[in-house]
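The block underneath contains the structure these notes are about, expressed in C-alpha cells.
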Amino acid sequence: MRTHVEDTLNGYEFFPRQEADAGLSCRMVRGVAVIDLNGPLAEERSVHALYDAIRELLEEGARNFAINLAQVSVADGYTLSALASAYNLVRHAGGRIKYFAAPERLIRAFSKFRLDSVLELYANEKLAMSNLQ
C-alpha cells in the first residue's frame, strides 16, 4: 500500500498553504556557506532549488553550511525531507551542516519526527556559526 505524506502527518499541516515560490540566497561568511530560505519550502521545485544550491556550492568547494529557516513560511513533509536530504548530501561529501532560527512550528515538527536527534538546530546564526568553526 502506498503511503502519502499527508497520510503520515495525520492531517497535520505545519503552516497554512500559500501559492508563492520559495526563494533562497547564498552568502559566504568566514568560510561557511549560509543559505537564507525565504517563503514556502513545501513544493518539489523549491526543494530542488535548495538541493541544487547545496550541490553547486559543494562542487565549488564549500564544506560547511548554515541554513537559515527564519523566513520559511510554509512547511510540510517536503520541507522535512528537503532538510534531511540536504544533511545527507553535505555529510556524504565530508561536510557539516547546521540549521538555525526555525519558526516554532518547524521546531515542533523536528521534534515530532525525531529529526532533532539527527539535525543540529540552533537558535540563531551566531550559535550555528560558532559550531562550524
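In the C-alpha cells, each chain is lettered A, B, ... as it comes, each chain's residues begin at 1, and ligands are numbered from 1 in order of appearance.
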
- Item | Residue neighbourhood stretch 90-103 of chain A, 7 Å, only C-alpha atoms, exclusion window fewer than 4 positions, as a PyMOL selection string | chain A and resi 63-70+86+107+120-125+128

- Message: Give me, as a ChimeraX atom specification, the residues of chain A that a backbone DSSP run labels strand (DSSP E or B).
- Response: /A:23-29,32-41,64-75,96-100,121-122

Using only C-alpha atoms, which residues sit within 9 Å of stretch 82-85 of chain A once same-chain residues fewer than 3 positions away are excluded, as a compact mmCIF listing (two decimals) with C-alpha atoms, in the first residue's frame?
# COMPACT_ATOMS: atom_id res chain seq x y z
CA LEU A 41 9.52 25.25 1.25
CA VAL A 47 13.04 21.62 -2.52
CA HIS A 48 15.03 21.01 -5.71
CA LEU A 50 17.71 24.09 -2.16
CA TYR A 51 19.25 20.76 -3.13
CA GLY A 77 6.61 16.69 4.56
CA TYR A 78 8.58 18.06 1.62
CA THR A 79 10.27 20.50 3.98
CA ASN A 88 22.77 13.63 3.86
CA LEU A 89 24.19 15.35 0.78
CA VAL A 90 26.58 17.51 2.80
CA TYR A 99 20.18 24.80 10.81
CA LEU A 115 14.79 14.91 13.32
CA VAL A 118 19.95 13.96 13.85
CA LEU A 119 19.86 17.51 12.52

- chain A: which residues are helix (DSSP H, G or I) by DSSP, as an MDAnalysis selection string? chainID A and resid 5:8 44:59 77:92 104:112 115:117 125:130
